[in-house]
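Asker: What follows is protein_5.csv, made up of CSV, C-alpha atoms and all ligand atoms:
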```csv
chain,number,residue,atom,x,y,z
A,19,MET,CA,-85.2,-31.3,-99.8
A,20,PRO,CA,-82.6,-33.0,-102.0
A,21,ALA,CA,-81.4,-36.4,-101.0
A,22,VAL,CA,-77.8,-36.9,-100.0
A,23,ARG,CA,-75.9,-40.1,-99.6
A,24,ASN,CA,-73.3,-40.8,-96.9
A,25,ILE,CA,-70.7,-42.9,-98.7
A,26,ARG,CA,-69.3,-44.1,-95.4
A,27,LEU,CA,-72.5,-46.0,-94.7
A,28,CYS,CA,-73.3,-47.1,-98.3
A,29,THR,CA,-73.0,-50.8,-98.7
A,30,LYS,CA,-73.4,-50.6,-102.5
A,31,ASP,CA,-76.4,-52.8,-102.9
A,32,CYS,CA,-78.0,-50.2,-105.1
A,33,MET,CA,-81.6,-50.3,-104.0
A,34,CYS,CA,-81.6,-46.5,-104.4
A,35,LEU,CA,-80.9,-46.9,-108.1
A,36,TYR,CA,-83.7,-49.3,-108.4
A,37,VAL,CA,-86.3,-47.1,-106.8
A,38,CYS,CA,-85.4,-43.7,-107.9
A,39,PRO,CA,-87.9,-42.5,-110.6
A,40,THR,CA,-85.4,-40.1,-112.2
A,41,GLY,CA,-82.0,-41.7,-112.0
A,42,ALA,CA,-80.7,-39.1,-109.6
A,43,THR,CA,-79.1,-41.8,-107.5
A,44,ASP,CA,-77.1,-43.2,-110.4
A,45,THR,CA,-74.1,-41.4,-109.1
A,46,GLU,CA,-71.9,-44.1,-107.8
A,47,ASN,CA,-69.4,-42.6,-105.5
A,48,SER,CA,-70.4,-39.1,-104.7
A,49,ILE,CA,-73.5,-37.2,-104.0
A,50,ILE,CA,-76.9,-37.7,-105.4
A,51,ASP,CA,-77.6,-35.5,-108.5
A,52,VAL,CA,-79.4,-32.7,-106.9
A,53,SER,CA,-80.7,-31.4,-110.3
A,54,LYS,CA,-82.5,-34.6,-111.1
A,55,CYS,CA,-83.8,-35.3,-107.6
A,56,ILE,CA,-87.6,-34.7,-107.1
A,57,LYS,CA,-87.0,-33.0,-103.9
A,58,GLY,CA,-88.9,-34.6,-101.0
A,59,CYS,CA,-89.9,-37.8,-102.8
A,60,ARG,CA,-87.7,-39.9,-100.3
A,61,LYS,CA,-88.1,-43.2,-102.1
A,62,CYS,CA,-84.4,-43.8,-101.9
A,63,VAL,CA,-84.3,-42.9,-98.2
A,64,ASP,CA,-86.8,-45.6,-97.4
A,65,ALA,CA,-85.3,-48.2,-99.7
A,66,CYS,CA,-81.7,-48.0,-98.6
A,67,PRO,CA,-81.1,-50.9,-96.2
A,68,SER,CA,-78.1,-49.2,-94.7
A,69,GLY,CA,-79.6,-45.9,-93.7
A,70,ALA,CA,-77.1,-44.2,-96.0
A,71,ILE,CA,-79.4,-41.6,-97.5
A,72,SER,CA,-81.1,-38.7,-95.9
A,73,LEU,CA,-82.9,-35.6,-97.1
A,74,LEU,CA,-81.3,-32.3,-96.4
A,75,PRO,CA,-83.7,-29.8,-94.8
A,76,ASP,CA,-84.8,-27.0,-97.0
A,77,GLU,CA,-84.9,-24.7,-94.1
A,78,TYR,CA,-82.8,-24.4,-91.0
A,79,PRO,CA,-84.3,-22.5,-88.1
A,80,PRO,CA,-82.7,-19.1,-87.6
A,81,GLN,CA,-80.0,-19.2,-85.0
A,82,GLN,CA,-80.8,-18.3,-81.4
A,83,SER,CA,-79.5,-14.9,-80.5
A,84,LYS,CA,-76.1,-15.0,-78.9
A,85,SER,CA,-75.3,-13.0,-75.8
A,86,GLU,CA,-72.4,-10.6,-76.5
A,87,ASN,CA,-70.6,-11.7,-73.4
A,88,VAL,CA,-70.7,-15.3,-74.6
A,89,VAL,CA,-69.5,-14.3,-78.0
A,90,ASN,CA,-66.6,-12.3,-76.5
A,91,ALA,CA,-65.6,-15.1,-74.2
A,92,LEU,CA,-65.6,-17.6,-77.1
A,93,ARG,CA,-63.6,-15.1,-79.3
A,94,THR,CA,-61.0,-14.6,-76.5
A,95,LEU,CA,-60.4,-18.3,-76.6
A,96,ALA,CA,-60.5,-18.6,-80.3
A,97,LYS,CA,-58.0,-15.8,-80.6
A,98,SER,CA,-55.7,-17.6,-78.2
A,99,LYS,CA,-56.0,-20.9,-80.1
A,100,VAL,CA,-55.2,-19.1,-83.4
A,101,GLU,CA,-52.1,-17.6,-81.8
A,102,GLN,CA,-51.0,-21.0,-80.6
A,103,GLU,CA,-51.6,-22.4,-84.1
A,104,SER,CA,-49.5,-19.7,-85.7
A,105,LEU,CA,-46.7,-20.2,-83.2
A,106,ALA,CA,-46.7,-23.9,-83.9
A,107,THR,CA,-46.9,-23.3,-87.7
A,108,ASP,CA,-43.8,-21.1,-87.5
A,109,ILE,CA,-42.0,-23.8,-85.6
A,110,ALA,CA,-43.0,-26.4,-88.2
A,111,LYS,CA,-41.9,-24.2,-91.0
A,112,LEU,CA,-38.5,-23.3,-89.6
A,113,SER,CA,-37.4,-26.4,-87.9
A,114,ASP,CA,-35.0,-28.8,-89.8
A,115,ASP,CA,-35.9,-31.7,-87.6
A,116,ALA,CA,-38.7,-34.0,-88.7
A,117,VAL,CA,-39.9,-35.0,-85.3
A,118,THR,CA,-40.1,-31.4,-84.1
A,119,ARG,CA,-42.0,-30.6,-87.2
A,120,GLN,CA,-44.4,-33.5,-86.6
A,121,PHE,CA,-45.1,-32.4,-83.1
A,122,ALA,CA,-45.6,-28.8,-84.1
A,123,GLU,CA,-47.9,-29.7,-86.9
A,124,ALA,CA,-50.1,-31.7,-84.6
A,125,ILE,CA,-50.3,-28.8,-82.2
A,126,ALA,CA,-51.1,-26.4,-85.0
A,127,LYS,CA,-53.8,-28.6,-86.4
A,128,SER,CA,-55.3,-29.2,-83.0
A,129,ASN,CA,-55.5,-25.5,-82.3
A,130,ARG,CA,-57.0,-24.7,-85.7
A,131,LEU,CA,-59.8,-27.2,-85.0
A,132,MET,CA,-60.5,-25.8,-81.6
A,133,ALA,CA,-60.5,-22.2,-83.0
A,134,GLU,CA,-62.9,-23.3,-85.8
A,135,ASP,CA,-65.3,-24.9,-83.3
A,136,LEU,CA,-65.3,-21.9,-80.9
A,137,ILE,CA,-65.8,-19.4,-83.6
A,138,ARG,CA,-68.6,-21.4,-85.1
A,139,GLU,CA,-70.4,-21.5,-81.8
A,140,SER,CA,-70.0,-17.8,-81.5
A,141,GLY,CA,-72.7,-17.4,-84.0
A,142,TYR,CA,-71.6,-18.6,-87.4
A,143,MET,CA,-73.1,-22.1,-87.6
A,144,LEU,CA,-74.5,-22.0,-91.1
A,145,PRO,CA,-72.8,-20.6,-94.2
A,146,GLN,CA,-76.1,-19.3,-95.6
A,147,SER,CA,-77.2,-17.6,-92.3
A,148,ASP,CA,-77.8,-13.9,-92.0
A,149,GLU,CA,-74.8,-13.6,-89.7
A,150,VAL,CA,-72.4,-15.0,-92.3
A,151,ARG,CA,-73.8,-13.1,-95.2
A,152,SER,CA,-73.6,-9.8,-93.4
A,153,LEU,CA,-70.1,-10.5,-92.4
A,154,LEU,CA,-69.2,-11.2,-96.0
A,155,GLU,CA,-71.0,-8.1,-97.0
A,156,SER,CA,-68.9,-6.1,-94.7
A,157,MET,CA,-65.7,-7.6,-96.1
A,158,THR,CA,-66.5,-6.1,-99.5
A,159,GLN,CA,-66.8,-2.6,-98.0
A,160,ASN,CA,-63.5,-0.8,-98.2
A,161,PRO,CA,-61.4,-3.9,-98.8
A,162,PRO,CA,-57.7,-3.8,-98.3
A,163,LYS,CA,-55.4,-4.0,-101.4
A,164,ASN,CA,-55.2,-7.6,-102.8
A,165,PHE,CA,-58.4,-8.6,-101.0
A,166,PRO,CA,-60.2,-11.1,-103.2
A,167,VAL,CA,-63.4,-9.1,-103.5
A,168,GLU,CA,-64.7,-11.0,-106.5
A,169,LYS,CA,-64.5,-14.2,-104.7
A,170,VAL,CA,-66.5,-12.9,-101.8
A,171,GLU,CA,-69.0,-11.5,-104.2
A,172,THR,CA,-69.4,-14.9,-105.9
A,173,LEU,CA,-69.8,-16.5,-102.5
A,174,LEU,CA,-72.4,-14.0,-101.5
A,175,LYS,CA,-74.4,-14.6,-104.7
A,176,GLN,CA,-74.5,-18.3,-104.1
A,177,LEU,CA,-75.3,-18.1,-100.4
A,178,ASN,CA,-78.0,-15.5,-101.0
A,179,SER,CA,-79.7,-17.8,-103.5
A,180,ILE,CA,-79.6,-20.7,-101.1
A,181,HIS,CA,-81.0,-18.5,-98.4
A,182,LYS,CA,-83.8,-17.3,-100.7
A,183,ALA,CA,-84.7,-20.8,-101.9
A,184,SER,CA,-85.1,-21.8,-98.3
A,185,SER,CA,-87.1,-18.9,-97.1
A,186,LYS,CA,-89.9,-18.5,-99.5
B,16,MET,CA,-60.8,-46.0,-50.8
B,17,ARG,CA,-60.8,-43.0,-53.2
B,18,LYS,CA,-61.5,-42.4,-56.9
B,19,PHE,CA,-59.5,-40.3,-59.3
B,20,LYS,CA,-61.0,-39.1,-62.5
B,21,CYS,CA,-59.1,-38.3,-65.8
B,22,SER,CA,-60.0,-34.7,-66.5
B,23,ILE,CA,-59.6,-35.3,-70.2
B,24,CYS,CA,-61.8,-38.2,-70.9
B,25,GLY,CA,-63.6,-38.9,-67.7
B,26,TYR,CA,-62.1,-42.4,-67.1
B,27,THR,CA,-62.1,-43.1,-63.3
B,28,TYR,CA,-59.5,-44.9,-61.4
B,29,ASP,CA,-61.0,-46.6,-58.4
B,30,GLU,CA,-58.5,-47.6,-55.8
B,31,ALA,CA,-60.8,-50.4,-54.6
B,32,ALA,CA,-60.9,-52.0,-58.1
B,33,GLY,CA,-57.4,-51.2,-59.2
B,34,LEU,CA,-56.6,-51.9,-62.9
B,35,PRO,CA,-55.7,-55.6,-63.1
B,36,GLU,CA,-55.3,-55.5,-66.9
B,37,LYS,CA,-52.4,-53.2,-66.4
B,38,GLY,CA,-51.0,-55.1,-63.5
B,39,ILE,CA,-52.4,-52.8,-60.8
B,40,ALA,CA,-54.0,-54.9,-58.1
B,41,PRO,CA,-57.3,-54.0,-56.5
B,42,GLY,CA,-56.7,-51.8,-53.4
B,43,THR,CA,-53.6,-50.1,-54.9
B,44,ARG,CA,-53.5,-46.5,-53.6
B,45,TRP,CA,-53.2,-43.7,-56.1
B,46,GLU,CA,-49.8,-42.8,-54.6
B,47,ASP,CA,-48.6,-46.3,-55.2
B,48,ILE,CA,-49.3,-46.8,-58.8
B,49,PRO,CA,-46.3,-46.5,-61.2
B,50,GLN,CA,-45.1,-43.0,-62.0
B,51,ASP,CA,-45.4,-43.7,-65.7
B,52,PHE,CA,-49.1,-44.6,-65.4
B,53,VAL,CA,-51.2,-43.0,-68.2
B,54,CYS,CA,-54.9,-42.9,-68.6
B,55,PRO,CA,-55.9,-46.3,-70.2
B,56,LEU,CA,-58.5,-44.6,-72.4
B,57,CYS,CA,-56.8,-41.4,-73.6
B,58,GLY,CA,-53.2,-41.7,-72.7
B,59,ALA,CA,-53.2,-38.6,-70.4
B,60,LEU,CA,-50.5,-38.3,-67.7
B,61,ARG,CA,-51.5,-38.9,-64.1
B,62,THR,CA,-51.1,-35.2,-63.4
B,63,VAL,CA,-54.4,-34.5,-65.1
B,64,PHE,CA,-56.3,-36.8,-62.8
B,65,GLU,CA,-58.3,-35.2,-60.0
B,66,GLU,CA,-59.7,-36.8,-56.9
B,67,LEU,CA,-63.4,-37.3,-57.1
B,68,LYS,CA,-65.0,-35.8,-54.0
B,69,GLU,CA,-68.7,-36.2,-53.1
B,70,THR,CA,-69.6,-32.5,-53.0
B,71,SER,CA,-72.8,-30.8,-53.3
B,72,PRO,CA,-72.9,-28.7,-56.4
B,73,ILE,CA,-71.8,-25.1,-55.9
B,74,PRO,CA,-74.6,-22.7,-56.5
B,75,ALA,CA,-74.0,-20.8,-59.7
B,76,HIS,CA,-72.7,-17.4,-58.9
B,77,THR,CA,-75.3,-14.8,-59.5
B,78,SER,CA,-74.8,-12.3,-62.3
B,79,GLN,CA,-75.8,-8.8,-62.9
B,80,GLU,CA,-78.5,-9.3,-65.5
B,81,ASP,CA,-77.5,-8.5,-69.1
B,82,GLU,CA,-74.4,-6.5,-68.5
B,83,HIS,CA,-73.4,-4.9,-71.7
B,84,PHE,CA,-70.1,-3.5,-70.5
B,85,GLU,CA,-68.2,-5.4,-73.2
B,86,SER,CA,-68.9,-4.5,-76.8
B,87,LEU,CA,-68.1,-6.9,-79.6
B,88,ARG,CA,-64.5,-6.9,-80.6
B,89,GLU,CA,-63.5,-7.2,-84.2
B,90,LEU,CA,-62.3,-10.5,-85.5
B,91,THR,CA,-58.6,-10.8,-86.1
B,92,PRO,CA,-57.2,-12.2,-89.4
B,93,GLY,CA,-56.4,-15.5,-87.6
B,94,GLU,CA,-60.0,-15.8,-86.3
B,95,LEU,CA,-61.4,-14.9,-89.7
B,96,SER,CA,-59.3,-17.6,-91.3
B,97,ALA,CA,-60.6,-20.2,-88.8
B,98,LEU,CA,-64.1,-18.9,-89.4
B,99,CYS,CA,-63.8,-19.3,-93.2
B,100,SER,CA,-62.2,-22.8,-93.0
B,101,ASN,CA,-65.0,-23.9,-90.7
B,102,LEU,CA,-67.7,-22.4,-93.1
B,103,ALA,CA,-66.0,-24.3,-95.9
B,104,LYS,CA,-66.6,-27.5,-93.9
B,105,GLY,CA,-70.2,-26.4,-93.4
B,106,CYS,CA,-70.6,-26.0,-97.2
B,107,GLU,CA,-69.1,-29.4,-97.7
B,108,LYS,CA,-71.7,-31.0,-95.5
B,109,GLN,CA,-74.4,-29.4,-97.6
B,110,HIS,CA,-72.5,-30.5,-100.8
B,111,LEU,CA,-71.9,-26.9,-101.8
B,112,THR,CA,-68.6,-27.6,-103.4
B,113,GLU,CA,-68.0,-24.3,-105.1
B,114,ALA,CA,-68.8,-22.3,-102.0
B,115,MET,CA,-66.5,-24.6,-100.1
B,116,ASP,CA,-63.6,-23.9,-102.4
B,117,LEU,CA,-64.2,-20.2,-102.1
B,118,PHE,CA,-64.3,-20.3,-98.3
B,119,TYR,CA,-61.0,-22.2,-98.3
B,120,GLN,CA,-59.4,-19.6,-100.5
B,121,LEU,CA,-60.6,-16.9,-98.2
B,122,ALA,CA,-59.3,-18.8,-95.2
B,123,ASP,CA,-55.9,-18.9,-96.9
B,124,TYR,CA,-56.0,-15.2,-97.6
B,125,TYR,CA,-56.6,-14.4,-94.0
B,126,LYS,CA,-54.0,-16.9,-92.9
B,127,SER,CA,-51.4,-15.1,-95.0
B,128,LYS,CA,-52.3,-11.9,-93.1
B,129,VAL,CA,-51.4,-13.4,-89.7
B,130,ALA,CA,-48.2,-11.8,-88.5
B,131,ALA,CA,-45.1,-14.0,-88.1
B,132,HIS,CA,-43.6,-14.5,-84.6
B,133,SER,CA,-40.2,-13.3,-83.5
B,134,SER,CA,-39.5,-16.4,-81.5
B,135,GLN,CA,-40.3,-20.0,-82.3
B,136,ASN,CA,-40.4,-22.3,-79.3
B,137,PHE,CA,-42.9,-24.5,-77.6
B,138,GLU,CA,-42.6,-22.7,-74.3
B,139,ASP,CA,-44.3,-19.7,-75.9
B,140,ILE,CA,-47.2,-21.9,-76.9
B,141,ALA,CA,-47.3,-23.4,-73.4
B,142,GLU,CA,-47.5,-20.0,-71.9
B,143,VAL,CA,-50.5,-18.9,-74.0
B,144,LEU,CA,-52.2,-22.2,-73.3
B,145,LYS,CA,-51.7,-21.9,-69.5
B,146,TYR,CA,-53.5,-18.6,-69.5
B,147,ASP,CA,-56.5,-20.3,-71.3
B,148,LEU,CA,-56.6,-23.0,-68.7
B,149,SER,CA,-56.1,-20.8,-65.7
B,150,GLU,CA,-58.4,-17.9,-66.8
B,151,SER,CA,-60.2,-17.9,-70.0
B,152,TYR,CA,-62.1,-21.2,-69.7
B,153,SER,CA,-63.5,-20.6,-66.3
B,154,LYS,CA,-64.7,-17.1,-67.3
B,155,ALA,CA,-66.2,-18.4,-70.5
B,156,ASN,CA,-67.9,-21.3,-68.8
B,157,THR,CA,-69.5,-18.9,-66.3
B,158,VAL,CA,-71.0,-16.6,-68.9
B,159,ALA,CA,-72.1,-19.5,-71.1
B,160,ALA,CA,-73.8,-21.2,-68.1
B,161,GLU,CA,-75.5,-18.0,-67.1
B,162,LYS,CA,-77.0,-17.7,-70.6
B,163,ALA,CA,-77.7,-21.4,-70.7
B,164,ASP,CA,-76.0,-21.4,-74.1
B,165,ARG,CA,-75.8,-25.1,-74.7
B,166,GLY,CA,-73.8,-24.8,-78.0
B,167,ALA,CA,-71.2,-22.7,-76.4
B,168,LEU,CA,-70.9,-24.9,-73.3
B,169,ARG,CA,-70.5,-28.0,-75.5
B,170,ALA,CA,-67.7,-26.3,-77.5
B,171,LEU,CA,-66.0,-25.2,-74.3
B,172,VAL,CA,-66.1,-28.6,-72.7
B,173,TRP,CA,-64.4,-30.1,-75.8
B,174,SER,CA,-61.8,-27.6,-76.2
B,175,GLU,CA,-60.9,-27.4,-72.5
B,176,LYS,CA,-60.3,-31.1,-72.5
B,177,VAL,CA,-58.3,-31.0,-75.7
B,178,SER,CA,-56.3,-28.1,-74.2
B,179,ARG,CA,-55.6,-29.9,-70.9
B,180,MET,CA,-54.3,-32.9,-72.9
B,181,GLY,CA,-52.2,-30.5,-75.1
B,182,ASN,CA,-50.8,-28.9,-71.9
B,183,SER,CA,-49.8,-32.3,-70.5
B,184,LEU,CA,-48.1,-33.2,-73.8
B,185,LEU,CA,-46.2,-29.9,-73.9
B,186,GLU,CA,-45.0,-30.5,-70.3
B,187,ARG,CA,-43.8,-33.9,-71.2
B,188,TYR,CA,-42.2,-32.6,-74.4
B,189,ALA,CA,-40.3,-29.9,-72.4
B,190,LYS,CA,-38.8,-32.7,-70.2
B,191,GLU,CA,-38.3,-35.4,-72.8
B,192,GLY,CA,-37.9,-33.6,-76.1
B,193,ASN,CA,-38.1,-35.6,-79.2
B,194,THR,CA,-37.7,-38.9,-77.3
B,195,LEU,CA,-41.4,-38.4,-76.3
B,196,LEU,CA,-42.3,-39.2,-79.9
B,197,GLU,CA,-39.9,-42.1,-80.4
B,198,ASN,CA,-41.5,-45.4,-81.3
B,199,THR,CA,-45.0,-44.0,-81.2
B,200,LYS,CA,-47.5,-42.6,-83.5
B,201,LEU,CA,-49.2,-39.2,-83.3
B,202,TYR,CA,-52.8,-38.5,-84.2
B,203,VAL,CA,-55.2,-35.6,-84.2
B,204,CYS,CA,-59.0,-35.9,-84.1
B,205,GLU,CA,-60.4,-34.1,-87.1
B,206,ILE,CA,-63.5,-33.1,-85.2
B,207,CYS,CA,-62.3,-31.7,-81.8
B,208,GLY,CA,-58.6,-31.5,-82.2
B,209,PHE,CA,-57.7,-34.1,-79.5
B,210,ILE,CA,-54.1,-35.1,-79.8
B,211,TYR,CA,-53.4,-38.7,-79.2
B,212,LEU,CA,-49.9,-40.1,-78.7
B,213,GLY,CA,-49.7,-43.9,-78.9
B,214,ASN,CA,-49.9,-46.8,-81.2
B,215,ASP,CA,-53.4,-48.2,-80.6
B,216,LEU,CA,-56.1,-45.7,-81.3
B,217,PRO,CA,-59.1,-45.8,-79.0
B,218,GLU,CA,-62.3,-46.9,-80.7
B,219,ILE,CA,-63.8,-43.5,-80.4
B,220,CYS,CA,-62.3,-40.1,-79.6
B,221,PRO,CA,-62.2,-39.8,-75.8
B,222,VAL,CA,-63.2,-36.2,-76.0
B,223,CYS,CA,-65.9,-35.8,-78.7
B,224,LYS,CA,-66.8,-39.6,-79.1
B,225,VAL,CA,-66.5,-39.6,-82.9
B,226,PRO,CA,-65.5,-43.1,-84.3
B,227,ASN,CA,-61.8,-43.3,-84.8
B,228,TYR,CA,-61.8,-43.2,-88.6
B,229,LYS,CA,-62.1,-39.4,-88.1
B,230,ILE,CA,-58.8,-39.4,-86.2
B,231,SER,CA,-55.9,-38.8,-88.5
B,232,GLN,CA,-52.3,-39.7,-88.2
B,233,ILE,CA,-49.7,-36.9,-88.3
B,234,GLY,CA,-46.8,-38.2,-90.3
B,235,ARG,CA,-43.1,-37.3,-90.1
B,236,ARG,CA,-41.9,-35.4,-93.1
C,301,LIG,S1,-79.4,-48.2,-101.4
C,301,LIG,FE1,-78.1,-47.3,-99.8
C,301,LIG,S2,-76.5,-48.9,-99.6
C,301,LIG,FE2,-77.5,-49.3,-101.5
C,301,LIG,S3,-76.2,-48.2,-103.1
C,301,LIG,FE3,-77.9,-46.9,-102.5
C,301,LIG,S4,-77.0,-45.7,-100.8
C,301,LIG,FE4,-75.7,-47.4,-101.1
C,302,LIG,S1,-85.6,-38.4,-103.2
C,302,LIG,FE1,-86.6,-39.5,-104.9
C,302,LIG,S2,-85.9,-38.4,-106.7
C,302,LIG,FE2,-84.5,-37.8,-105.1
C,302,LIG,S3,-82.8,-39.2,-105.3
C,302,LIG,FE3,-84.2,-40.1,-103.8
C,302,LIG,S4,-85.5,-41.5,-105.0
C,302,LIG,FE4,-84.5,-40.1,-106.5
C,303,ZN,ZN,-58.3,-40.1,-69.9
C,304,ZN,ZN,-62.5,-35.8,-81.1
```
As structure tokens - that is how I would like this structure written.
Answerer:
Amino acid sequence: MPAVRNIRLCTKDCMCLYVCPTGATDTENSIIDVSKCIKGCRKCVDACPSGAISLLPDEYPPQQSKSENVVNALRTLAKSKVEQESLATDIAKLSDDAVTRQFAEAIAKSNRLMAEDLIRESGYMLPQSDEVRSLLESMTQNPPKNFPVEKVETLLKQLNSIHKASSK
Amino acid sequence: MRKFKCSICGYTYDEAAGLPEKGIAPGTRWEDIPQDFVCPLCGALRTVFEELKETSPIPAHTSQEDEHFESLRELTPGELSALCSNLAKGCEKQHLTEAMDLFYQLADYYKSKVAAHSSQNFEDIAEVLKYDLSESYSKANTVAAEKADRGALRALVWSEKVSRMGNSLLERYAKEGNTLLENTKLYVCEICGFIYLGNDLPEICPVCKVPNYKISQIGRR
């Protein structure tokens, strides 16, 4: 359980630096140094007056199984949102009017965010989950030309090791 | 006296109370409030307000248990792109920076595979959106409720509200064109996609309730 700091909440009073036995919290602006952190010690979590530090869980429960009908219903909507996004993106690309582009960009972005959320709820919550890893696996099978296979393989390697570390 | 509820954010206009801060006296009937009235919380048009009726909840319609008539459809490049960009965000939350970058690259790859459209106008978007609102959400809500899938129901509630708001914006845009955006700012909530047109952002997103530092302004370029 490595500690992480939410910079939004951090009030920079540096109690975490004071209490951390290993200096893992010395990182000023970004995340706590995961390689130095004695996972699970939680001294910094308790010391931070602003509630800015928390411990990431080692293990997330496996996802509830999803009904196929629910998945399809969510995909139907996600597909529609993606279509609206791409229509709006095309308008934004081709219009020579700044206001039209602005409006089209807002619509494209809004639809992308909705599509992301709908797809995520259709069974792909966690990057290291079985569902995501087997999807990536299937992408590497008979990939189309120019498909970035090596990238997917690197990703799989990383996600597999995170998954293994969490399910001893 | 009746009550009318904003279907986007849930704000309720009560005829008995009026809205004195906006110059609408207590007792003002819905029909008599100014035509350009917009929701004081989310800026939605009055057309998205619905009268609140005291109704007994309709019993959920019974389903044939576990119908498997639909088999899973393959994901399209556009969906895969959205999936990958969302997983990138998931990696970011766990501070997996390298995996995040890779997912973003994969999202770009799939995005480049989305076919271009032959026509580019806002009416086409409005048409697709109308179908979501008239058909797809009610179907999806029914199956998600049958399965008591809370995650799916939550996502559907958010995106249906965002869609209604988008629909009312598109309708206004069809009438007013670019003047709709004159002298006003445009924002999108980074969490739920809610589009806000106006100069004073609400404290929290009216749809997903995230604090407004997560709501980004869309600039004019
Ligand atoms: S103790 Fe908390 S508020 Fe203080 S520097 Fe550390 S994270 Fe920031
Ligand atoms: S959990 Fe302990 S070791 Fe890890 S950063 Fe916090 S104080 Fe340092
Ligand atoms: Zn409202
Ligand atoms: Zn929101």
Asker: Hey, can you check how far atom CA of B:His110 sits from atom CA of B:Arg169?
Answerer: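 Separating atom CA of B:His110 from atom CA of B:Arg169 is a distance of 25.5 Å.
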Asker: Let me make sure I understand: among B:Gly58, B:Gly105, B:Gly181, B:Gly166, which one has the smallest atom-to-atom distance to A:Glu139 if we use all atoms listed in the file?
Answerer: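 Smallest distance to A:Glu139 is found for B:Gly166.
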Asker: Using only C-alpha atoms, which protein or nucleic acid residues come within 12 Å of A:Thr40? Drop anything in the same chain fewer than 4 positions from it, and give the result as a PyMOL selection string.
Answerer: chain A and resi 34-36+44-45+50-57+59+61-62
Asker: Give one line per residue of chain B that approaches chain A to at most 6 Å, naming the two atoms of the closest pair and their distance in Å to one decimal, counting only C-alpha atoms; sort by chain then ascending residue number and deliver it as JSON lines.
Answerer:
```
{"residue": "B:Gly93", "atom": "CA", "partner": "A:Val100", "partner_atom": "CA", "distance": 5.7}
{"residue": "B:Ala97", "atom": "CA", "partner": "A:Glu134", "partner_atom": "CA", "distance": 4.9}
{"residue": "B:Leu98", "atom": "CA", "partner": "A:Glu134", "partner_atom": "CA", "distance": 5.8}
{"residue": "B:Asn101", "atom": "CA", "partner": "A:Glu134", "partner_atom": "CA", "distance": 5.4}
{"residue": "B:Leu102", "atom": "CA", "partner": "A:Pro145", "partner_atom": "CA", "distance": 5.5}
{"residue": "B:Ala114", "atom": "CA", "partner": "A:Leu173", "partner_atom": "CA", "distance": 5.9}
{"residue": "B:Gln135", "atom": "CA", "partner": "A:Ile109", "partner_atom": "CA", "distance": 5.3}
{"residue": "B:Ile140", "atom": "CA", "partner": "A:Gln102", "partner_atom": "CA", "distance": 5.4}
{"residue": "B:Ala155", "atom": "CA", "partner": "A:Ala91", "partner_atom": "CA", "distance": 5.0}
{"residue": "B:Val158", "atom": "CA", "partner": "A:Val88", "partner_atom": "CA", "distance": 5.9}
{"residue": "B:Ala159", "atom": "CA", "partner": "A:Val88", "partner_atom": "CA", "distance": 5.6}
{"residue": "B:Ala167", "atom": "CA", "partner": "A:Glu139", "partner_atom": "CA", "distance": 5.6}
{"residue": "B:Ser174", "atom": "CA", "partner": "A:Met132", "partner_atom": "CA", "distance": 5.8}
{"residue": "B:Gly208", "atom": "CA", "partner": "A:Ser128", "partner_atom": "CA", "distance": 4.1}
{"residue": "B:Arg235", "atom": "CA", "partner": "A:Gln120", "partner_atom": "CA", "distance": 5.3}
{"residue": "B:Arg236", "atom": "CA", "partner": "A:Ala116", "partner_atom": "CA", "distance": 5.6}
```
Asker: So which residues touch B:Trp45 within 9 Å, counting only C-alpha atoms, skipping near sequence neighbours fewer than 6 positions away, as a PyMOL selection string?
Answerer: chain B and resi 17-19+28-30
Asker: To one decimal in Å, tell me the separation between atom CA of A:Glu77 and atom CA of B:Gln120.
Answerer: 26.8 Å
Asker: What lies within 12 Å of B:Lys145 using only C-alpha atoms, ignoring chain neighbours under 2 positions off, as a list in words?
Answerer: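 The neighbour list is Leu95, Ser98, Lys99 and Gln102 of chain A; Glu138, Asp139, Ile140, Ala141, Glu142, Val143, Asp147, Leu148, Ser149, Glu150, Ser151, Tyr152, Glu175, Ser178, Arg179, Met180, Gly181, Asn182, Ser183, Leu185 and Glu186 of chain B.
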Asker: Separation of atom CA of B:Gln232 and atom CA of B:Ala131, in Å?
Answerer: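 Taking atom CA of B:Gln232 as the start and atom CA of B:Ala131 as the end point, the length is 26.7 Å.
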Asker: Closest to A:Ser147 among B:Leu34, B:Val129, B:Cys106, B:Leu168, using all atoms listed in the file?
Answerer: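 Closest residue, counting all atoms listed in the file: B:Cys106.
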Asker: May I have the residues within 12 Å of B:Gly38 as a ChimeraX atom specification, using only C-alpha atoms and disregarding those fewer than 5 positions away in the same chain?
Answerer: /B:32-33,43,48-49,52
Asker: Residues up to 10 Å from ligand ZN 303 (chain C), counting all atoms listed in the file: could you list those as a PyMOL selection string?
Answerer: chain B and resi 20-28+53-61+63-64+176+180+221-222
Asker: Distance limit 7 Å, reference ligand ZN 304 (chain C), atoms considered: all atoms listed in the file. Which residues make the cut? Give them as a list in words.
Answerer: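 What falls inside 7 Å of ligand ZN 304 (chain C) is Cys204, Glu205, Ile206, Cys207, Gly208, Phe209, Cys220, Pro221, Val222, Cys223, Lys224 and Val225 of chain B.
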Asker: Would you list the contacts of B:Tyr125 as a PDB file with C-alpha atoms, in the frame of the given file, taking every protein, DNA or RNA residue within 8 Å and counting all atoms listed in the file, but skipping same-chain residues closer than 5 positions in sequence?
Answerer:
```
ATOM      1  CA  PRO B  92     -57.200 -12.200 -89.400  1.00  0.00           C
ATOM      2  CA  GLY B  93     -56.400 -15.500 -87.600  1.00  0.00           C
ATOM      3  CA  LEU B  95     -61.400 -14.900 -89.700  1.00  0.00           C
ATOM      4  CA  SER B  96     -59.300 -17.600 -91.300  1.00  0.00           C
TER       5      SER B  96
END
```
